[in-house]
Each structure stands twice: as C-alpha cells, then as structure tokens.
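Novice: Structure file target-v9.txt, compact mmCIF, C-alpha atoms, is pasted below:
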```
# COMPACT_ATOMS: atom_id res chain seq x y z
CA MET A 1 -12.88 35.06 22.26
CA ALA A 2 -11.61 34.24 25.77
CA ASP A 3 -8.19 32.71 26.38
CA THR A 4 -9.93 29.43 27.20
CA ALA A 5 -12.41 27.75 24.86
CA THR A 6 -15.18 26.01 26.79
CA ALA A 7 -16.27 22.51 25.88
CA GLU A 8 -19.85 23.72 25.36
CA TRP A 9 -18.80 26.44 22.91
CA LEU A 10 -16.35 24.27 20.93
CA ALA A 11 -18.89 21.42 20.65
CA THR A 12 -21.31 23.77 18.85
CA LYS A 13 -18.67 24.42 16.17
CA ILE A 14 -18.01 20.76 15.35
CA VAL A 15 -20.42 18.89 13.07
CA ASP A 16 -18.41 15.82 12.00
CA LYS A 17 -17.83 13.88 15.22
CA THR A 18 -15.36 11.34 13.84
CA ARG A 19 -11.69 11.54 14.82
CA ARG A 20 -10.78 12.99 11.45
CA GLY A 21 -13.74 15.36 11.42
CA ILE A 22 -12.92 16.77 14.85
CA ALA A 23 -9.29 17.31 13.81
CA LEU A 24 -10.18 18.95 10.48
CA GLU A 25 -12.91 21.21 11.85
CA THR A 26 -10.77 22.30 14.80
CA SER A 27 -7.90 23.10 12.44
CA ALA A 28 -10.32 25.15 10.30
CA LEU A 29 -11.27 27.18 13.38
CA VAL A 30 -7.58 27.83 14.01
CA ARG A 31 -6.91 28.86 10.40
CA ALA A 32 -9.87 31.24 10.48
CA GLY A 33 -8.61 32.88 13.67
CA ILE A 34 -11.69 31.80 15.64
CA LEU A 35 -9.33 29.78 17.87
CA PRO A 36 -6.32 32.15 18.11
CA VAL A 37 -2.83 31.02 18.99
CA GLY A 38 -2.56 30.78 22.78
CA THR A 39 -6.16 29.64 23.31
CA ARG A 40 -6.45 26.91 25.90
CA LEU A 41 -8.60 23.99 24.74
CA PRO A 42 -11.13 22.27 27.01
CA ALA A 43 -10.33 19.06 28.81
CA ILE A 44 -10.68 15.93 26.70
CA ARG A 45 -13.37 14.39 28.90
CA ASP A 46 -15.42 17.59 28.94
CA LEU A 47 -15.39 17.93 25.15
CA ALA A 48 -16.11 14.21 24.72
CA TYR A 49 -19.16 14.59 26.99
CA GLU A 50 -20.49 17.55 25.00
CA LEU A 51 -19.94 15.83 21.63
CA LYS A 52 -21.23 12.48 22.97
CA VAL A 53 -18.15 10.61 21.75
CA SER A 54 -15.54 8.62 23.62
CA PRO A 55 -12.54 10.41 25.18
CA ALA A 56 -10.35 8.21 22.98
CA THR A 57 -11.83 9.85 19.86
CA ILE A 58 -10.89 13.33 21.12
CA SER A 59 -7.47 12.11 22.19
CA GLU A 60 -6.78 10.71 18.72
CA ALA A 61 -7.94 13.94 17.07
CA TRP A 62 -5.71 15.99 19.38
CA SER A 63 -2.78 13.67 18.59
CA GLU A 64 -3.25 14.44 14.89
CA LEU A 65 -3.25 18.20 15.55
CA ARG A 66 -0.25 17.85 17.84
CA ARG A 67 1.66 16.01 15.15
CA GLN A 68 0.91 18.85 12.74
CA LYS A 69 2.23 21.39 15.31
CA ILE A 70 -1.20 23.05 15.57
CA ILE A 71 -1.62 22.35 19.29
CA THR A 72 0.82 21.63 22.06
CA GLY A 73 0.79 20.31 25.62
CA ARG A 74 -1.02 17.37 27.12
CA GLY A 75 -2.26 15.86 30.36
CA ARG A 76 -3.01 17.89 33.47
CA ASN A 77 -1.11 20.93 32.20
CA GLY A 78 -3.66 21.50 29.47
CA THR A 79 -3.53 21.86 25.71
CA TRP A 80 -3.10 25.10 23.75
CA VAL A 81 -3.34 26.28 20.16
CA SER A 82 0.27 26.78 19.06
CA GLY A 83 0.11 27.08 15.25
CA GLU A 84 -2.01 28.93 12.73
CA ARG A 85 -1.68 26.65 9.71
CA PHE A 86 -2.49 23.03 9.04
CA ILE A 87 0.72 22.39 7.13
CA ALA A 88 3.02 19.43 7.50
CA LYS A 89 6.65 20.06 6.68
CA PRO A 90 9.84 17.99 6.87
CA GLU A 91 11.26 19.39 10.11
CA ARG A 92 14.77 17.96 9.77
CA LEU A 93 15.19 18.91 6.12
CA ALA A 94 13.53 22.31 6.54
CA SER A 95 15.96 23.28 9.29
CA SER A 96 18.99 22.56 7.08
CA GLY A 97 20.21 25.92 5.86
CA HIS A 98 22.05 27.39 2.93
CA TYR A 99 25.13 29.37 3.79
CA ALA A 100 26.73 32.61 2.68
CA SER A 101 29.78 32.79 0.45
CA GLY A 102 32.99 32.12 2.33
CA VAL A 103 31.48 29.27 4.36
CA LEU A 104 32.92 25.83 3.67
CA ASP A 105 29.61 24.03 3.22
CA LEU A 106 30.00 20.36 4.13
CA SER A 107 26.33 19.98 5.03
CA LEU A 108 24.94 18.79 1.67
CA ALA A 109 25.78 15.21 0.65
CA VAL A 110 24.82 15.84 -2.98
CA PRO A 111 26.56 15.03 -6.25
CA ASP A 112 29.21 17.32 -7.70
CA VAL A 113 27.51 18.90 -10.72
CA GLN A 114 30.79 18.69 -12.64
CA LEU A 115 30.72 14.90 -12.34
CA LEU A 116 27.19 14.38 -13.68
CA PRO A 117 26.70 13.29 -17.31
CA PRO A 118 25.42 15.75 -19.95
CA LEU A 119 21.71 15.36 -20.64
CA LYS A 120 21.16 17.05 -24.00
CA GLU A 121 21.31 13.92 -26.16
CA ALA A 122 19.43 11.84 -23.58
CA LEU A 123 16.57 14.35 -23.40
CA SER A 124 16.44 14.50 -27.18
CA HIS A 125 16.00 10.74 -27.22
CA GLY A 126 13.39 10.94 -24.44
CA ALA A 127 11.32 13.33 -26.56
CA GLU A 128 10.81 10.48 -29.04
CA VAL A 129 9.59 7.89 -26.54
CA GLU A 130 6.36 6.07 -27.39
CA HIS A 131 3.03 7.47 -26.13
CA LEU A 132 4.58 10.81 -25.15
CA ASN A 133 1.96 13.25 -23.74
CA SER A 134 -0.57 10.47 -23.27
CA TYR A 135 -2.72 10.62 -20.13
CA ALA A 136 -2.51 6.85 -19.81
CA ARG A 137 -1.25 6.06 -16.30
CA SER A 138 1.41 3.54 -17.25
CA ARG A 139 3.75 2.18 -14.59
CA ILE A 140 7.02 2.27 -16.56
CA VAL A 141 7.99 2.62 -20.22
CA PRO A 142 9.24 -0.69 -21.73
CA GLU A 143 12.59 0.82 -22.74
CA LEU A 144 13.42 1.83 -19.17
CA GLN A 145 12.28 -1.51 -17.75
CA GLU A 146 14.50 -3.32 -20.24
CA ALA A 147 17.47 -1.17 -19.20
CA VAL A 148 17.03 -1.64 -15.44
CA GLU A 149 16.32 -5.37 -15.62
CA GLN A 150 19.88 -6.03 -16.79
CA GLN A 151 21.32 -4.75 -13.49
CA TRP A 152 18.51 -5.66 -11.08
CA PRO A 153 19.64 -8.12 -8.37
CA TYR A 154 16.57 -10.35 -8.77
CA THR A 155 13.63 -10.85 -11.15
CA PRO A 156 10.57 -9.12 -9.68
CA GLU A 157 6.99 -9.42 -10.89
CA ALA A 158 6.63 -5.71 -11.62
CA PHE A 159 8.45 -2.38 -11.91
CA LEU A 160 7.28 1.19 -11.37
CA ALA A 161 8.94 4.51 -12.28
CA THR A 162 8.55 7.28 -9.68
CA ASN A 163 9.56 10.93 -9.33
CA GLY A 164 12.79 10.32 -7.42
CA GLY A 165 13.92 8.14 -4.55
CA TYR A 166 12.29 9.95 -1.65
CA ASN A 167 9.09 10.28 -3.63
CA ALA A 168 9.20 6.48 -3.97
CA VAL A 169 9.72 6.04 -0.21
CA TYR A 170 6.95 8.52 0.60
CA THR A 171 4.49 6.95 -1.84
CA THR A 172 5.31 3.42 -0.72
CA VAL A 173 4.80 4.04 2.99
CA ARG A 174 1.67 6.11 2.35
CA ALA A 175 0.18 3.42 0.14
CA LEU A 176 1.08 0.40 2.25
CA LEU A 177 1.44 1.39 5.92
CA PRO A 178 -1.40 2.51 8.20
CA PRO A 179 -0.82 5.43 10.61
CA GLY A 180 0.10 4.23 14.06
CA SER A 181 1.92 1.12 12.88
CA VAL A 182 5.48 0.29 13.92
CA VAL A 183 8.28 0.72 11.36
CA ALA A 184 11.77 -0.65 11.97
CA VAL A 185 14.51 1.64 10.63
CA GLU A 186 18.29 1.62 10.82
CA HIS A 187 19.99 3.82 13.41
CA PRO A 188 21.07 6.22 12.04
CA THR A 189 19.15 6.77 8.82
CA ALA A 190 18.48 9.52 6.26
CA MET A 191 16.80 12.52 7.89
CA ARG A 192 14.26 12.70 5.05
CA ILE A 193 13.20 9.13 5.80
CA LEU A 194 12.55 10.13 9.41
CA ASP A 195 10.62 13.19 8.23
CA ILE A 196 8.46 11.00 5.98
CA LEU A 197 7.72 8.45 8.68
CA GLU A 198 6.97 11.08 11.31
CA ASP A 199 4.58 12.80 8.90
CA LEU A 200 2.75 9.49 8.44
CA GLY A 201 2.37 9.15 12.19
CA VAL A 202 3.98 5.74 12.58
CA ARG A 203 6.03 4.66 15.58
CA ILE A 204 9.68 4.38 14.56
CA ALA A 205 11.69 1.51 16.09
CA PRO A 206 15.45 2.06 15.62
CA VAL A 207 17.59 -0.94 14.65
CA LEU A 208 21.18 -0.56 15.84
CA CYS A 209 23.97 -1.05 13.27
CA ASP A 210 27.63 -1.94 13.15
CA GLN A 211 30.13 -1.96 10.29
CA GLU A 212 28.38 -4.92 8.64
CA GLY A 213 24.92 -3.37 8.70
CA PRO A 214 21.83 -3.74 10.93
CA ARG A 215 22.68 -5.89 13.94
CA PRO A 216 20.83 -9.24 14.07
CA ASP A 217 20.22 -8.98 17.81
CA SER A 218 18.69 -5.52 17.47
CA LEU A 219 16.46 -6.50 14.53
CA ARG A 220 15.33 -9.62 16.38
CA GLN A 221 14.38 -7.50 19.40
CA VAL A 222 12.47 -4.96 17.28
CA LEU A 223 10.55 -7.75 15.54
CA THR A 224 8.93 -8.60 18.88
CA GLU A 225 6.99 -5.34 18.37
CA ARG A 226 5.56 -6.78 15.11
CA PRO A 227 6.63 -3.89 12.82
CA ALA A 228 4.64 -3.38 9.64
CA ALA A 229 7.86 -2.71 7.72
CA PHE A 230 11.65 -2.80 7.96
CA LEU A 231 13.28 0.01 5.96
CA PHE A 232 17.02 -0.15 5.36
CA GLN A 233 19.80 0.66 2.89
CA PRO A 234 21.67 -2.56 2.05
CA ARG A 235 23.93 -1.43 -0.80
CA LEU A 236 25.26 1.85 0.53
CA HIS A 237 24.08 3.66 3.64
CA SER A 238 23.59 7.32 2.78
CA VAL A 239 24.73 8.54 6.23
CA THR A 240 27.51 6.21 7.38
CA GLY A 241 28.74 4.93 3.99
CA GLN A 242 28.47 1.33 5.12
CA THR A 243 27.51 -1.63 2.93
CA VAL A 244 25.67 -4.60 4.39
CA SER A 245 27.93 -7.64 4.11
CA ALA A 246 26.76 -10.78 2.31
CA ALA A 247 26.90 -12.73 5.56
CA ARG A 248 24.82 -10.10 7.35
CA MET A 249 22.21 -10.07 4.56
CA LEU A 250 21.84 -13.81 5.03
CA GLN A 251 21.40 -13.36 8.80
CA LEU A 252 18.83 -10.61 8.33
CA GLY A 253 16.92 -12.81 5.92
CA ASP A 254 16.90 -15.68 8.41
CA ILE A 255 15.47 -13.39 11.10
CA LEU A 256 12.85 -11.86 8.79
CA ASN A 257 11.84 -15.32 7.61
CA GLY A 258 9.84 -15.78 10.79
CA SER A 259 7.76 -12.62 10.27
CA ASP A 260 5.36 -11.06 7.79
CA THR A 261 7.11 -7.67 7.91
CA LEU A 262 7.26 -5.70 4.67
CA ILE A 263 10.87 -5.21 3.55
CA ILE A 264 11.71 -1.82 1.99
CA GLU A 265 15.19 -1.53 0.49
CA ASP A 266 16.35 2.00 -0.30
CA ASP A 267 19.22 2.22 -2.81
CA GLY A 268 19.45 5.99 -2.82
CA VAL A 269 23.08 6.41 -3.81
CA GLY A 270 22.99 3.87 -6.62
CA ASP A 271 26.01 3.23 -8.81
CA ILE A 272 28.20 5.68 -6.89
CA SER A 273 28.85 2.49 -4.93
CA SER A 274 31.24 0.03 -6.55
CA THR A 275 29.36 -2.77 -4.79
CA LEU A 276 26.95 -4.76 -6.91
CA PRO A 277 23.28 -4.25 -5.99
CA MET A 278 21.89 -6.67 -3.41
CA SER A 279 18.39 -7.50 -2.28
CA LEU A 280 16.26 -9.82 -0.18
CA GLY A 281 13.79 -9.78 -3.07
CA GLN A 282 15.02 -13.13 -4.36
CA ARG A 283 14.14 -14.69 -1.01
CA PHE A 284 10.97 -12.71 -0.24
CA PRO A 285 9.59 -11.55 -3.61
CA ASP A 286 6.03 -11.12 -2.31
CA ARG A 287 6.95 -8.61 0.39
CA THR A 288 10.13 -6.85 -0.72
CA VAL A 289 10.04 -3.34 -2.19
CA ARG A 290 13.33 -2.27 -3.75
CA ILE A 291 13.88 1.41 -4.63
CA LEU A 292 16.75 2.57 -6.85
CA SER A 293 17.27 6.31 -7.34
CA TYR A 294 19.20 7.84 -10.25
CA SER A 295 19.48 11.35 -8.77
CA LYS A 296 23.02 10.96 -7.40
CA THR A 297 24.42 9.28 -10.50
CA LEU A 298 22.58 10.72 -13.50
CA GLY A 299 21.20 14.01 -12.15
CA PRO A 300 18.63 15.23 -9.62
CA ASP A 301 16.60 17.12 -12.24
CA LEU A 302 15.75 13.83 -13.92
CA ARG A 303 13.64 13.18 -10.79
CA LEU A 304 13.57 9.47 -11.39
CA ALA A 305 13.71 6.27 -9.41
CA VAL A 306 12.56 2.72 -10.16
CA VAL A 307 10.65 0.54 -7.71
CA SER A 308 10.25 -3.24 -7.89
CA SER A 309 8.00 -5.62 -5.98
CA SER A 310 5.17 -8.07 -6.45
CA LEU A 311 2.49 -7.09 -8.92
CA SER A 312 -0.01 -6.70 -6.08
CA ILE A 313 2.19 -4.25 -4.17
CA ILE A 314 3.13 -2.25 -7.26
CA GLU A 315 -0.56 -1.92 -8.14
CA GLN A 316 -1.30 -0.66 -4.62
CA ILE A 317 1.43 1.97 -4.90
CA GLN A 318 0.30 2.98 -8.37
CA SER A 319 -3.30 3.27 -7.17
CA TYR A 320 -2.20 5.65 -4.42
CA ARG A 321 -0.36 7.76 -7.00
CA ALA A 322 -3.71 8.40 -8.69
CA PHE A 323 -4.30 11.01 -5.95
CA SER A 324 -1.37 13.06 -7.27
CA ALA A 325 1.00 12.70 -10.25
CA GLY A 326 -0.51 9.49 -11.58
CA TRP A 327 2.59 8.63 -13.59
CA THR A 328 6.19 9.73 -14.07
CA SER A 329 7.20 11.73 -17.13
CA ARG A 330 7.74 9.37 -20.05
CA LEU A 331 10.17 11.90 -21.51
CA LEU A 332 12.40 11.58 -18.43
CA GLN A 333 12.00 7.81 -18.37
CA GLY A 334 13.19 7.66 -21.97
CA ALA A 335 16.14 9.90 -21.17
CA VAL A 336 17.23 7.69 -18.25
CA ALA A 337 16.85 4.57 -20.39
CA TRP A 338 19.18 6.13 -22.99
CA LEU A 339 21.75 7.06 -20.32
CA LEU A 340 21.73 3.57 -18.82
CA LYS A 341 22.44 2.04 -22.23
CA ASP A 342 25.12 4.59 -23.19
CA SER A 343 28.62 3.23 -22.54
CA VAL A 344 30.20 6.70 -22.30
CA THR A 345 27.71 7.70 -19.60
CA MET A 346 28.34 4.54 -17.62
CA GLU A 347 32.10 5.14 -17.80
CA ARG A 348 31.53 8.67 -16.51
CA VAL A 349 29.40 7.36 -13.63
CA ALA A 350 32.16 4.88 -12.69
CA GLU A 351 34.76 7.64 -12.84
CA ALA A 352 32.61 9.85 -10.62
CA GLY A 353 32.34 7.01 -8.10
CA THR A 354 36.12 6.75 -8.01
CA ILE A 355 36.50 10.50 -7.42
CA TYR A 356 33.90 10.49 -4.63
CA GLN A 357 35.76 7.60 -3.00
CA GLN A 358 39.05 9.48 -3.17
CA ARG A 359 37.55 12.59 -1.61
CA ARG A 360 35.97 10.61 1.20
CA ASP A 361 39.14 8.60 1.83
CA ARG A 362 41.27 11.76 1.80
CA LEU A 363 39.30 13.36 4.64
CA ALA A 364 39.09 10.06 6.54
CA GLU A 365 42.87 9.68 6.32
CA ALA A 366 43.45 13.29 7.40
CA LEU A 367 41.19 12.76 10.41
CA SER A 368 42.97 9.50 11.24
CA HIS A 369 46.28 11.38 11.36
CA ARG A 370 44.63 13.66 13.93
CA GLY A 371 43.43 10.77 16.09
CA ILE A 372 39.85 10.52 14.85
CA THR A 373 38.71 7.10 13.64
CA THR A 374 35.83 6.78 11.18
CA TRP A 375 34.34 3.67 9.63
CA THR A 376 35.63 2.61 6.26
CA GLY A 377 33.06 2.85 3.51
CA SER A 378 32.09 4.85 0.45
CA GLY A 379 29.54 7.37 -0.72
CA LEU A 380 29.19 11.11 -0.35
CA CYS A 381 29.92 11.72 3.35
CA LEU A 382 31.64 10.68 6.58
CA TRP A 383 29.98 9.84 9.91
CA VAL A 384 32.36 11.42 12.44
CA PRO A 385 32.18 10.70 16.19
CA VAL A 386 32.56 13.64 18.60
CA GLU A 387 32.43 14.00 22.37
CA SER A 388 29.77 16.72 22.27
CA GLU A 389 27.63 17.38 19.23
CA GLN A 390 26.68 20.86 20.40
CA PHE A 391 30.27 21.88 21.14
CA ALA A 392 31.42 20.50 17.79
CA MET A 393 28.76 22.42 15.84
CA VAL A 394 29.59 25.72 17.60
CA THR A 395 33.33 25.20 17.11
CA LEU A 396 32.96 24.52 13.38
CA ALA A 397 30.52 27.39 12.88
CA ALA A 398 33.06 29.75 14.46
CA ARG A 399 35.48 28.66 11.73
CA ASN A 400 32.93 29.14 8.95
CA ILE A 401 32.45 25.40 8.36
CA ALA A 402 28.95 23.98 8.06
CA VAL A 403 28.10 20.32 8.77
CA VAL A 404 24.95 18.52 9.95
CA PRO A 405 24.54 17.28 13.56
CA GLY A 406 24.11 13.53 13.88
CA SER A 407 20.94 13.99 15.92
CA LYS A 408 19.04 14.84 12.74
CA PHE A 409 19.54 11.28 11.52
CA SER A 410 18.21 9.44 14.54
CA LEU A 411 15.66 9.35 17.34
CA LEU A 412 18.33 8.04 19.72
CA PRO A 413 21.03 10.13 21.43
CA SER A 414 23.90 10.79 19.04
CA ASN A 415 27.26 12.51 19.28
CA HIS A 416 28.26 12.52 15.63
CA LEU A 417 28.64 14.87 12.70
CA ARG A 418 27.55 14.08 9.15
CA VAL A 419 30.30 15.63 7.03
CA ALA A 420 29.68 15.79 3.27
CA THR A 421 32.76 14.99 1.20
CA SER A 422 31.28 14.82 -2.32
CA ARG A 423 32.36 18.37 -3.24
CA LEU A 424 35.44 18.58 -1.02
CA SER A 425 37.95 18.78 -3.85
CA ASP A 426 40.29 21.08 -1.87
CA ARG A 427 40.49 22.56 1.66
CA CYS A 428 40.60 19.02 3.03
CA GLU A 429 43.38 19.78 5.53
CA GLU A 430 41.53 22.89 6.71
CA ALA A 431 38.40 20.84 7.31
CA ALA A 432 40.33 18.11 9.14
CA ASP A 433 42.03 20.66 11.42
CA ALA A 434 38.70 22.23 12.35
CA ILE A 435 36.99 18.88 12.94
CA ALA A 436 39.89 17.80 15.15
CA LEU A 437 39.39 20.92 17.27
CA ALA A 438 35.69 20.18 17.48
CA HIS A 439 36.16 16.50 18.25
CA ARG A 440 36.96 16.86 21.96
CA LEU A 441 35.64 19.22 24.62
```
Please render this file's structure as structure tokens.
Specialist:
Amino acid sequence: MADTATAEWLATKIVDKTRRGIALETSALVRAGILPVGTRLPAIRDLAYELKVSPATISEAWSELRRQKIITGRGRNGTWVSGERFIAKPERLASSGHYASGVLDLSLAVPDVQLLPPLKEALSHGAEVEHLNSYARSRIVPELQEAVEQQWPYTPEAFLATNGGYNAVYTTVRALLPPGSVVAVEHPTAMRILDILEDLGVRIAPVLCDQEGPRPDSLRQVLTERPAAFLFQPRLHSVTGQTVSAARMLQLGDILNGSDTLIIEDDGVGDISSTLPMSLGQRFPDRTVRILSYSKTLGPDLRLAVVSSSLSIIEQIQSYRAFSAGWTSRLLQGAVAWLLKDSVTMERVAEAGTIYQQRRDRLAEALSHRGITTWTGSGLCLWVPVESEQFAMVTLAARNIAVVPGSKFSLLPSNHLRVATSRLSDRCEEAADAIALAHRL
C-alpha cells in the first residue's frame, strides 16, 4: 500500500455511500491495517467525485473520524490516518493519573471513604425489594421514588433511576440532543461533562460565571446561538464550590423564559451541600431535567442517581437505555431507598458535609494568609487562581503534590488549579506553602 491512498482505489472499498457508511467503512480499513497509520487520504473533492456524492458528505464523514482521533489534518495540508482503533475515550478523565506512594494526591475530588455510611444493612434490605431479578424495564422502584420525592425541590411528572450521575448526563444528552447542536455549559465545568459533550459531537458554548452562578449577560449572549440545551450545576458547582443564588436563579429563569432550550440541572455533589436543593423545574416542568447523584454522599459503588422531568422526556431517556442496561439494579435502588429513610445515615451524611466544609475552609484560610484569594463556597475542592498554570503544575510536581490544571475544566483559557480538599485531613500547611510558591512566576 502506498503512502497515499488514491481516490479511485478508496472508492472501490466503500459500498455504503452515506456519511455514516463512509466513516464506518473507512475506519474498518484502518482497523484491518489496509489503511496504515501515516497514509495520506485523497482530497475530499476527488473522493466525492469517485463515489458520486457531495463533498459535504465526505467532509462530514471525515469530521466523524477526526473526532474519534482516527484521522488528523485538514484543508490544503491534507489528511492522514493517525489512529488504528475506532475507540472513543474521555480524553480529560483518561489523562488524569494515579500517583505513587509519597505523593500528596490532591487531584481527586472524591469522598473520603471513612465518611461514607456502612452498606451492609442497606444491601440486605435491597435484596428483598419487589420484583428482584425481573427483566421488566421499570423506571424506578416505588420505594425509592417515595424516598426522593420528600426532598425533591418540585413535583415532576416522572422519575428515573440511572447508574450514577455521569451515566445520567451521558444518557440524557445522547437521548435528547442531536450531534452538531449547540449546548450551553458553565465555564468552568466538570471535565467529564466536557468529555461527554465532545464525544457526542456538539458545539459547546461556554457561559461565564461569577460568585452567584452563571452570568445573565453571558447566558443571554449564548442564547442568540439557539442552544439545544443549557447544562449547569445550581446547587453546588463541582469545580468552584459555588452555589447559584436565589436571585440569580430567578434571573436565569427570566432569560430562559424566552427560549425553548432544554434545561439540564446536574446535582452531582448532593447533600454534601448544606444548601437546600433548587431547580427551575417548578417554572419549566416540560423542559427541565434534574439529575441527583448519590455517589458522593452514600457511596460510589451504589452507582445510583435519580432523574426527574416530564413523562415524555423520561420515556425518551428510558427508550435510549434499551440499547444498553435497560434498567438500574433494583437491589441497589432498594438499598438507597433504605439509606435515605434511615435517620442514622442522614446524620452521618450531614456530619460528613461539615467535615468536608472544614477541610475546604482550612486550606482556603491558609492560602488567604499567604496572599491567595479563593471564592467562598463548599464541596470537595478549591478553585485556585495562578499566574501560570504550567509553572504552577511543574512547581507542585517537584514537591510531590498532584493537582489538576484548570484547563481540563474549560474550553477557554484558564490559569487555575483544581485542588481537592475532601481527603486533606492533615498536611494542609504543607499544601498551602507549595501552592503559594506555585501561585506566582
């Protein structure tokens, strides 16, 4: 095989001449080694002529392969095969490492295992839930729905149990949003949300934020692009620790009132926040999707979140799930229902929230004493400004301290560090000293 594939030769290998067919059959040639890495592909117009399709069809197929990292390059410089496998992966999450012993790992904003409730009795209860081991694709077990309704900020038409918060986000956007649409998202936002949206192939429109939440002027500007959805974290932002104020929620609702944009509310940190849950669902019940995850509060191995929306939207999401899991374990749903009704568990969750707040505040105060101002808030991490992200990361790495660069949480330029505080029970002063050294060039 020559280093350049001719349009005539490649056209003979492609049977399905749709955008998707061209992408799939070209990727199959790459996987089989027929188009080796480094092969230069023919010009779009030449291949379109040979296949008797429009250049736009080839361009769209190439865009799909480019998004999957199979090909690279564009325009007059040509396009080459750059990958051997048709595999999508979460680039931001996949590049987050695990570190050797001795490293102070402040990169993972995850719950402290010692603060999670015991699960033995809850799982025992879950094993007795009705219709256990049935293949019926039910949306949510009645016991869990009854438990979550008591704390839900509005009365939705329908609920759905899913396999964790990010699974809920992934399934929702896959079921409801077409590739190529515009999605408005807070700046910054969770890196896994960006991974999910980039995998879908949507165009992400960042909405700037301040200490009260998404800025009205920025959301208003983004709405001129007619986004299919607005995805934000009103109760507790997982990156900055901010909570959207009541006044700001009212402003955002007023702005969204003039659109038909789907509203997706991600409550990923849950009852770690002392703030009561909030939602625009009361105002826009037909187009609000609220997602509440229990991973941070009750345990990640429960793999459970609850989604609410209109019956029509929930049915669309559930229909999409038929391609994969179909339903969420009724055993785990029963266990979570038991935990939510158990007063001792809820006291433990509240106590954990207090400890997380103390750990976050302790590092924030130590940084303040060293001249570094961070936003007040809560949650499992701090969003720390620095003069140079690259310099800060190198400086901290030299001192065996791992954090995450702010650029992973945004498409816009960022000079920040995301510093996890959830497990920082000691060595706070050491961390503050190192961050202070990394703060300025």
Novice: Could you list, as a ChimeraX atom specification, every residue within 12 Å of Ala136 (chain A), counting all atoms listed in the file and ignoring same-chain residues fewer than 6 positions away?
Specialist: /A:130,322,325-330
Novice: For Ala56 (chain A), find every residue with an atom within 12 Å (counting all atoms listed in the file), except residues of its own chain fewer than 6 positions away, and show them as a ChimeraX atom specification.
Specialist: /A:18-19,44-45,47-49,62-63
Novice: In Å, how far is it from CA of Glu186 (chain A) to CA of Leu231 (chain A)?
Specialist: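 Between CA of Glu186 (chain A) and CA of Leu231 (chain A) the gap is 7.2 Å.
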Novice: When you look at Gln242 (chain A) with a cut-off of 12 Å (counting only C-alpha atoms), what residues show up, excluding the ones that are within fewer than 2 positions of it in the same chain? I need them as a PyMOL selection string.
Specialist: chain A and resi 186+188-189+209-214+232-240+244-245+269+273+275+374-383
Novice: Mind checking which residues fall within 12 Å of Glu128 (chain A), counting only C-alpha atoms, ignoring those fewer than 6 positions away in the same chain, and posting them as a count of residues only?
Specialist: 10
Novice: Nearest to Ala43 (chain A): which of A:Ala168, A:Ile140, A:Leu10, A:Ala28 is it, counting all atoms listed in the file?
Specialist: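 Using all atoms listed in the file, the shortest distance to Ala43 (chain A) belongs to A:Leu10.
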Novice: Report as a PyMOL selection string all protein, DNA and RNA residues lying within 8 Å of Val404 (chain A), evaluated on only C-alpha atoms, omitting residues in the same chain fewer than 2 positions from it.
Specialist: chain A and resi 96+106-107+402+406+408+417-419
Novice: Smallest atom-to-atom distance to Ile317 (chain A): which of A:Asp217, A:Gly268, A:Gln358, A:Thr162, using all atoms listed in the file?
Specialist: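 Using all atoms listed in the file, Ile317 (chain A) sits closest to A:Thr162.
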Novice: Quick one: pull the distance between CA of Glu157 (chain A) and CA of Ala305 (chain A), Å, one decimal.
Specialist: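 Spanning CA of Glu157 (chain A) to CA of Ala305 (chain A) is a straight-line distance of 17.1 Å.
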Novice: Nearest to Arg174 (chain A): which of A:Leu119, A:Leu412, A:Gln316, A:Ile263 is it, counting only C-alpha atoms?
Specialist: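 Looking only at the distances to Arg174 (chain A), the closest residue turns out to be A:Gln316.
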Novice: Calculate how many Å separate CA of Val306 (chain A) from CA of Phe409 (chain A), rounding to one decimal.
Specialist: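 It comes out at 24.3 Å.
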Novice: Using only C-alpha atoms, find the one residue out of A:Arg203, A:Arg362, A:His416, A:Arg399 that sits nearest to Glu429 (chain A).
Specialist: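 Closest to Glu429 (chain A), using only C-alpha atoms: A:Arg362.
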Novice: Using only C-alpha atoms, can you tell me which of A:Glu315, A:Ala436, A:Gln357, A:Ala366 comes closest to Pro385 (chain A)?
Specialist: A:Ala436
Novice: Counting all atoms listed in the file, figure out which residue out of A:Leu116, A:Val185, A:Leu65, A:Ala147 gets nearest to Gly201 (chain A).
Specialist: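 Looking only at the distances to Gly201 (chain A), the closest residue turns out to be A:Leu65.
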Novice: For a cut-off of 8 Å around (17.3, 13.0, 5.4), file coordinates, pick out all residues using only C-alpha atoms and list them as a list of chain:residue names.
Specialist: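 The requested residues, written out, are A:Arg92, A:Leu93, A:Thr189, A:Ala190, A:Met191, A:Arg192, A:Ile193, A:Leu194, A:Asp195, A:Lys408, A:Phe409.
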Novice: Write to file, as a CSV table (one decimal), in the frame of the given file, the residues of the selection just made, with C-alpha atoms.
Specialist:
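The new file result.csv reads:
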```csv
chain,number,residue,atom,x,y,z
A,92,ARG,CA,14.8,18.0,9.8
A,93,LEU,CA,15.2,18.9,6.1
A,189,THR,CA,19.2,6.8,8.8
A,190,ALA,CA,18.5,9.5,6.3
A,191,MET,CA,16.8,12.5,7.9
A,192,ARG,CA,14.3,12.7,5.0
A,193,ILE,CA,13.2,9.1,5.8
A,194,LEU,CA,12.6,10.1,9.4
A,195,ASP,CA,10.6,13.2,8.2
A,408,LYS,CA,19.0,14.8,12.7
A,409,PHE,CA,19.5,11.3,11.5
```
